[in-house]
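Visitor: Below is the file protein10.pdb, which contains PDB, C-alpha atoms and all ligand atoms.
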ATOM      1  CA  PRO A 787      -5.112 -19.696  17.864
ATOM      2  CA  ILE A 788      -7.812 -20.404  15.322
ATOM      3  CA  SER A 789      -8.553 -23.652  13.510
ATOM      4  CA  PRO A 790      -7.430 -24.585   9.998
ATOM      5  CA  MET A 791      -9.862 -23.155   7.477
ATOM      6  CA  ALA A 792     -10.537 -22.584   3.817
ATOM      7  CA  ILE A 793     -10.941 -18.998   2.678
ATOM      8  CA  ALA A 794     -12.797 -18.612  -0.608
ATOM      9  CA  PHE A 795     -11.096 -16.150  -2.921
ATOM     10  CA  ASP A 796     -13.240 -14.785  -5.761
ATOM     11  CA  ALA A 797     -10.684 -13.846  -8.421
ATOM     12  CA  GLU A 798     -13.147 -11.650 -10.348
ATOM     13  CA  ARG A 799     -14.806  -9.732  -7.533
ATOM     14  CA  LEU A 800     -11.614  -9.859  -5.438
ATOM     15  CA  THR A 801     -13.401 -10.841  -2.248
ATOM     16  CA  LEU A 802     -12.421 -13.140   0.607
ATOM     17  CA  SER A 803     -15.062 -15.271   2.298
ATOM     18  CA  PRO A 804     -15.409 -15.365   5.214
ATOM     19  CA  GLU A 805     -14.381 -11.763   5.304
ATOM     20  CA  GLY A 806     -12.839  -9.697   8.081
ATOM     21  CA  PRO A 807     -13.070  -5.930   8.495
ATOM     22  CA  THR A 808     -12.763  -3.561   5.505
ATOM     23  CA  LEU A 809     -10.911  -0.275   5.797
ATOM     24  CA  THR A 810     -11.587   2.716   3.538
ATOM     25  CA  ARG A 811      -8.979   5.448   3.192
ATOM     26  CA  ARG A 812     -10.130   8.748   1.739
ATOM     27  CA  MET A 813      -7.922  11.611   0.627
ATOM     28  CA  SER A 814      -8.318  13.315   4.023
ATOM     29  CA  ASP A 815      -6.732  10.249   5.678
ATOM     30  CA  LEU A 816      -3.474  10.819   3.768
ATOM     31  CA  GLU A 817      -2.353  13.984   5.516
ATOM     32  CA  GLY A 818       1.320  14.911   5.178
ATOM     33  CA  LEU A 819       2.042  12.367   2.439
ATOM     34  CA  PHE A 820       1.582  14.063  -0.946
ATOM     35  CA  ARG A 821       4.275  16.525  -1.989
ATOM     36  CA  ASP A 822       1.688  19.191  -2.980
ATOM     37  CA  SER A 823       0.001  19.741   0.377
ATOM     38  CA  ASP A 824      -2.218  22.543  -1.008
ATOM     39  CA  ALA A 825      -3.641  20.238  -3.683
ATOM     40  CA  TRP A 826      -4.103  17.523  -1.046
ATOM     41  CA  ALA A 827      -5.994  19.961   1.215
ATOM     42  CA  ALA A 828      -8.235  21.138  -1.628
ATOM     43  CA  GLU A 829      -9.126  17.571  -2.647
ATOM     44  CA  SER A 830      -9.726  16.591   0.990
ATOM     45  CA  ALA A 831     -12.020  19.563   1.602
ATOM     46  CA  GLY A 832     -13.778  19.000  -1.744
ATOM     47  CA  GLU A 833     -14.885  15.608  -3.022
ATOM     48  CA  ASN A 834     -12.613  13.796  -0.591
ATOM     49  CA  PRO A 835     -12.402  10.738  -2.884
ATOM     50  CA  VAL A 836     -11.774   7.202  -1.741
ATOM     51  CA  VAL A 837      -8.092   6.526  -2.538
ATOM     52  CA  TYR A 838      -7.968   2.876  -1.446
ATOM     53  CA  THR A 839      -9.728   0.101   0.435
ATOM     54  CA  VAL A 840      -8.284  -2.832   2.384
ATOM     55  CA  THR A 841     -10.369  -5.983   2.863
ATOM     56  CA  SER A 842      -9.064  -8.398   5.476
ATOM     57  CA  SER A 843      -9.299 -12.137   5.937
ATOM     58  CA  PRO A 844     -10.855 -13.506   9.125
ATOM     59  CA  VAL A 845      -7.391 -14.449  10.447
ATOM     60  CA  PRO A 846      -6.608 -12.208  13.435
ATOM     61  CA  GLU A 847      -3.671  -9.803  13.531
ATOM     62  CA  ILE A 848      -1.867 -11.438  16.420
ATOM     63  CA  ASP A 849       1.607 -12.872  16.771
ATOM     64  CA  ARG A 850       2.328 -16.167  14.929
ATOM     65  CA  GLU A 851      -0.898 -15.974  12.891
ATOM     66  CA  LEU A 852      -0.559 -15.257   9.151
ATOM     67  CA  PRO A 853      -3.419 -13.002   8.000
ATOM     68  CA  GLN A 854      -4.097 -11.744   4.479
ATOM     69  CA  SER A 855      -5.703  -8.674   2.983
ATOM     70  CA  ILE A 856      -6.626  -7.315  -0.443
ATOM     71  CA  THR A 857      -5.833  -3.669  -1.143
ATOM     72  CA  THR A 858      -7.469  -1.838  -4.061
ATOM     73  CA  ILE A 859      -6.032   1.556  -5.003
ATOM     74  CA  MET A 860      -8.107   3.792  -7.289
ATOM     75  CA  PRO A 861      -6.472   5.344 -10.359
ATOM     76  CA  GLY A 862      -5.590   8.992  -9.998
ATOM     77  CA  ASP A 863      -2.945  11.520  -9.117
ATOM     78  CA  THR A 864      -2.605  14.636  -6.982
ATOM     79  CA  SER A 865      -0.540  17.236  -8.851
ATOM     80  CA  GLY A 866       0.993  14.391 -10.832
ATOM     81  CA  GLU A 867       1.887  12.245  -7.799
ATOM     82  CA  LEU A 868       0.202   8.881  -8.302
ATOM     83  CA  TRP A 869      -2.399   7.741  -5.780
ATOM     84  CA  MET A 870      -0.876   5.438  -3.226
ATOM     85  CA  THR A 871      -1.180   3.843   0.185
ATOM     86  CA  LYS A 872       0.082   5.695   3.254
ATOM     87  CA  GLY A 873       3.023   3.334   3.555
ATOM     88  CA  HIS A 874       4.442   1.972   6.777
ATOM     89  CA  GLN A 875       7.301   0.215   8.491
ATOM     90  CA  HIS A 876       6.780  -2.952  10.565
ATOM     91  CA  PRO A 877       7.981  -2.051  14.075
ATOM     92  CA  ASN A 878       9.513  -5.515  14.567
ATOM     93  CA  HIS A 879      10.984  -5.514  11.026
ATOM     94  CA  GLN A 880       9.166  -8.634   9.842
ATOM     95  CA  GLY A 881       8.890  -9.355   6.102
ATOM     96  CA  GLU A 882       5.765  -9.507   3.937
ATOM     97  CA  ILE A 883       4.597 -10.842   0.563
ATOM     98  CA  TYR A 884       2.397  -9.087  -2.014
ATOM     99  CA  LEU A 885       0.776 -10.760  -5.043
ATOM    100  CA  ALA A 886      -0.592  -8.430  -7.743
ATOM    101  CA  LEU A 887      -4.121  -9.413  -8.834
ATOM    102  CA  GLN A 888      -5.575  -6.754 -11.174
ATOM    103  CA  GLY A 889      -4.440  -3.531 -12.792
ATOM    104  CA  THR A 890      -0.894  -2.230 -12.715
ATOM    105  CA  GLY A 891       1.063  -0.724  -9.883
ATOM    106  CA  GLY A 892       4.344  -0.398  -8.139
ATOM    107  CA  LEU A 893       5.802  -1.464  -4.823
ATOM    108  CA  LEU A 894       8.027   1.270  -3.415
ATOM    109  CA  MET A 895      10.366   0.228  -0.594
ATOM    110  CA  PHE A 896      12.763   2.240   1.560
ATOM    111  CA  ASP A 897      15.131   1.016   4.272
ATOM    112  CA  GLY A 898      16.126   4.488   5.433
ATOM    113  CA  GLU A 899      18.942   4.730   2.862
ATOM    114  CA  ARG A 900      18.117   2.762  -0.251
ATOM    115  CA  THR A 901      14.949   2.948  -2.369
ATOM    116  CA  GLU A 902      13.665   0.013  -4.412
ATOM    117  CA  TRP A 903      10.787  -0.134  -6.889
ATOM    118  CA  ILE A 904       9.109  -3.270  -8.209
ATOM    119  CA  ASP A 905       6.698  -3.049 -11.163
ATOM    120  CA  MET A 906       3.575  -4.971 -10.184
ATOM    121  CA  GLN A 907       1.227  -6.589 -12.692
ATOM    122  CA  PRO A 908      -1.137  -9.550 -12.209
ATOM    123  CA  GLY A 909       1.007 -12.522 -11.171
ATOM    124  CA  THR A 910       3.953 -10.535  -9.821
ATOM    125  CA  ILE A 911       4.991 -11.488  -6.297
ATOM    126  CA  GLY A 912       6.664  -8.567  -4.568
ATOM    127  CA  TYR A 913       8.854  -9.532  -1.631
ATOM    128  CA  ILE A 914       9.307  -7.022   1.187
ATOM    129  CA  PRO A 915      12.388  -7.980   3.217
ATOM    130  CA  PRO A 916      12.593  -7.307   6.963
ATOM    131  CA  GLY A 917      13.230  -3.651   7.745
ATOM    132  CA  TRP A 918      11.954  -2.140   4.488
ATOM    133  CA  ALA A 919       9.110   0.376   4.734
ATOM    134  CA  HIS A 920       6.605  -0.223   1.924
ATOM    135  CA  ARG A 921       4.056   1.782  -0.063
ATOM    136  CA  SER A 922       1.930   0.713  -3.046
ATOM    137  CA  VAL A 923       1.134   2.940  -6.010
ATOM    138  CA  ASN A 924      -1.450   2.660  -8.786
ATOM    139  CA  THR A 925       0.400   3.402 -12.038
ATOM    140  CA  GLY A 926      -2.509   2.684 -14.406
ATOM    141  CA  ASP A 927      -5.965   3.923 -15.416
ATOM    142  CA  GLU A 928      -7.988   1.234 -13.656
ATOM    143  CA  PRO A 929      -8.072   0.082 -10.023
ATOM    144  CA  TYR A 930      -4.920  -1.756  -8.911
ATOM    145  CA  SER A 931      -5.436  -4.675  -6.509
ATOM    146  CA  PHE A 932      -3.011  -6.942  -4.680
ATOM    147  CA  LEU A 933      -3.064  -9.601  -2.001
ATOM    148  CA  ALA A 934      -0.821  -9.162   1.037
ATOM    149  CA  VAL A 935       0.253 -11.972   3.382
ATOM    150  CA  TYR A 936       1.905 -10.787   6.574
ATOM    151  CA  PRO A 937       2.896 -11.896  10.073
ATOM    152  CA  GLY A 938      -0.053 -11.168  12.375
ATOM    153  CA  GLY A 939       2.155  -9.322  14.839
ATOM    154  CA  ALA A 940       3.858  -7.153  12.223
ATOM    155  CA  GLY A 941       1.921  -3.973  13.028
ATOM    156  CA  HIS A 942       1.895  -0.701  11.067
ATOM    157  CA  ASP A 943       4.217   2.177  11.951
ATOM    158  CA  TYR A 944       2.871   5.100   9.900
ATOM    159  CA  GLY A 945       4.854   7.681  11.872
ATOM    160  CA  TRP A 946       8.089   6.210  10.499
ATOM    161  CA  VAL A 947       7.105   7.260   6.966
ATOM    162  CA  LEU A 948       6.057  10.753   8.094
ATOM    163  CA  GLU A 949       9.469  11.111   9.742
ATOM    164  CA  HIS A 950      11.755   9.438   7.190
ATOM    165  CA  GLY A 951       9.784   9.628   3.934
ATOM    166  CA  MET A 952      10.020   6.850   1.333
ATOM    167  CA  GLY A 953      13.201   7.922  -0.491
ATOM    168  CA  SER A 954      11.300   8.578  -3.742
ATOM    169  CA  ARG A 955       7.926   9.713  -5.022
ATOM    170  CA  ALA A 956       6.108   8.229  -8.039
ATOM    171  CA  TYR A 957       4.727  10.637 -10.660
ATOM    172  CA  ARG A 958       2.572  10.087 -13.718
ATOM    173  CA  THR A 959       4.308  10.704 -17.055
ATOM    174  CA  ALA A 960       3.215  10.226 -20.670
ATOM    175  CA  GLY A 961       5.212   7.001 -20.856
ATOM    176  CA  GLY A 962       4.284   5.648 -17.432
ATOM    177  CA  VAL A 963       5.941   6.365 -14.099
ATOM    178  CA  GLU A 964       8.815   8.568 -13.067
ATOM    179  CA  LEU A 965      10.481   8.294  -9.667
ATOM    180  CA  ARG A 966      11.810  11.523  -8.205
ATOM    181  CA  PRO A 967      13.644  12.247  -4.949
ATOM    182  CA  TYR A 968      11.240  12.569  -2.013
ATOM    183  CA  SER A 969      11.752  16.312  -1.613
ATOM    184  CA  GLU A 970      10.890  17.136  -5.253
TER
HETATM  185  O1  LIG B   1       0.039  -5.269   5.232
HETATM  186  C1  LIG B   1       0.276  -4.440   4.346
HETATM  187  O2  LIG B   1       1.412  -3.967   4.138
HETATM  188  C2  LIG B   1      -0.867  -4.000   3.460
HETATM  189  O3  LIG B   1      -1.996  -4.792   3.705
HETATM  190  C3  LIG B   1      -1.182  -2.523   3.750
HETATM  191  O4  LIG B   1      -1.537  -2.356   5.106
HETATM  192  C4  LIG B   1      -2.265  -1.995   2.829
HETATM  193  O5  LIG B   1      -1.862  -2.105   1.481
HETATM  194  C5  LIG B   1      -2.593  -0.520   3.105
HETATM  195  O6  LIG B   1      -1.434   0.253   3.173
HETATM  196  P1  LIG B   1      -1.151   1.145   4.463
HETATM  197  O7  LIG B   1      -1.253   0.213   5.657
HETATM  198  O8  LIG B   1       0.241   1.655   4.288
HETATM  199  O9  LIG B   1      -2.182   2.195   4.530
HETATM  200 NI    NI B   2       3.071  -4.150   5.772
END
Rewrite the structure of this file - the entire thing - as structure tokens.

Guide:
Amino acid sequence: PISPMAIAFDAERLTLSPEGPTLTRRMSDLEGLFRDSDAWAAESAGENPVVYTVTSSPVPEIDRELPQSITTIMPGDTSGELWMTKGHQHPNHQGEIYLALQGTGGLLMFDGERTEWIDMQPGTIGYIPPGWAHRSVNTGDEPYSFLAVYPGGAGHDYGWVLEHGMGSRAYRTAGGVELRPYSE
């Protein structure tokens, strides 16, 4: 266990200090997730843009600890499907909390049968109940950032999403977002 500590959060630069590891996910890291796999392959082989980053707190990802991270998803879409995180299930089905910080997005959740969508804008707290796989989507034209607080032992099961999907996909429309069945 680590000692009590203050973590400085810079609300403009969206940094945590002290800071843990930062993860960068490029298009090529999102294999098998976008509906249009040809467009995904072309973008991966081409510019291979950064789709999102995840900056962690110094709190370790071990059982009973409560780490945090800030995810920033770039604006964009691949054949209309909005840029998003890979999405995952927590193997032990623990819950999680997201707080939207900047930009606009959505929190897509799937329990294997039901799909839920929460519109996320700065100040929105999105609650992920135990057993719901979760994926974040940038629905706007600027980067979308949110803070996550999660049980340190929660883990990330990405294979679950490859196997079961997320129930729906989020597409860009003139008026905003449209959710369509996963296979469309
Ligand atoms: O703990 C979480 O759910 C988040 O911090 C995510 O890990 C983060 O948003 C990145 O998404 P993913 O892990 O699905 O790539
Ligand atoms: Ni999670």

Visitor: Grab me every residue within 12 Å of ligand NI 2 (chain B), counting all atoms listed in the file, and send it over as a ChimeraX atom specification.

Guide: /A:840,847,853-857,871-884,893-895,912-922,933-944

Visitor: How would you write, as a ChimeraX atom specification, the residues chosen by the PyMOL selection byres (((chain A and resi 818) around 12) and not hetatm) on this structure?

Guide: /A:813-817,819-827,830,872-873,944-945,947-951

Visitor: What is the atom CA of Thr801 of chain A to atom CA of Ser842 of chain A distance in Å?

Guide: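 Atom CA of Ser842 of chain A lies at a distance of 9.2 Å from atom CA of Thr801 of chain A.
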
Visitor: Pull the neighbourhood of (-16.8, -16.7, 9.4) for me: all residues within 10 Å in file coordinates, counting all atoms listed in the file, as a ChimeraX atom specification.

Guide: /A:791,793,803-806,843-845

Visitor: Please save C-alpha atoms of the selected residues as a CSV table (one decimal), keeping the file's coordinate frame.

Guide:
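The resulting file, part.csv, is shown below:
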chain,number,residue,atom,x,y,z
A,791,MET,CA,-9.9,-23.2,7.5
A,793,ILE,CA,-10.9,-19.0,2.7
A,803,SER,CA,-15.1,-15.3,2.3
A,804,PRO,CA,-15.4,-15.4,5.2
A,805,GLU,CA,-14.4,-11.8,5.3
A,806,GLY,CA,-12.8,-9.7,8.1
A,843,SER,CA,-9.3,-12.1,5.9
A,844,PRO,CA,-10.9,-13.5,9.1
A,845,VAL,CA,-7.4,-14.4,10.4

Visitor: Point out the residue among A:Pro846, A:Gly892, A:Gly909, A:Gly866 with the least atom-to-atom distance to Tyr957 of chain A, counting only C-alpha atoms.

Guide: A:Gly866

Visitor: Pick from A:Pro967, A:Arg955, A:Ile788, A:Thr808: nearest to Thr864 of chain A, with only C-alpha atoms counted?

Guide: A:Arg955

Visitor: Mind giving me the straight-line distance from atom CA of Met860 of chain A to atom CA of Val923 of chain A in Å, one decimal?

Guide: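 Distance between the two atoms: 9.4 Å.
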
Visitor: Please expand the PyMOL selection byres (((chain A and resi 837) around 8) and not hetatm) into the concrete residues it hits in this file, giving the result as a list in words.

Guide: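 Selected by the PyMOL selection byres (((chain A and resi 837) around 8) and not hetatm) in this file: Thr810, Arg811, Arg812, Met813, Pro835, Val836, Tyr838, Thr839, Ile859, Met860, Trp869, Met870 and Thr871 of chain A.
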
Visitor: Quick one: residues within 8 Å of segment 928-930 of chain A, all atoms listed in the file counted, chain neighbours fewer than 3 positions away excluded, as a list of chain:residue names?

Guide: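 The residues that qualify are A:Thr858, A:Ile859, A:Met860, A:Pro861, A:Leu887, A:Gln888, A:Gly889, A:Thr890, A:Gly891, A:Asn924.
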
Visitor: With only C-alpha atoms and all ligand atoms as the atoms that count, which of A:Leu885, A:Ala831, A:Ala792, A:Leu965 lies nearest to ligand LIG 1 (chain B)?

Guide: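 Closest candidate: A:Leu885.
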
Visitor: Which residues would end up in the selection if the PyMOL selection byres (((chain A and resi 907) around 6) and not hetatm) were applied here, given that I need the answer as a list in words?

Guide: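 This file gives the following for the PyMOL selection byres (((chain A and resi 907) around 6) and not hetatm): Ala886, Thr890, Met906, Pro908 and Thr910 of chain A.
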
Visitor: Which of these residues is nearest to ligand LIG 1 (chain B), using only C-alpha atoms and all ligand atoms: A:Ala960, A:Leu802, A:Thr841, A:Asp897?

Guide: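 Among the listed residues, the smallest separation from ligand LIG 1 (chain B) belongs to A:Thr841.
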
Visitor: What does the distance from atom P1 of ligand LIG 1 (chain B) to atom CA of Trp946 of chain A come to in Å, to one decimal?

Guide: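 Computing it gives 12.1 Å between the two atoms.
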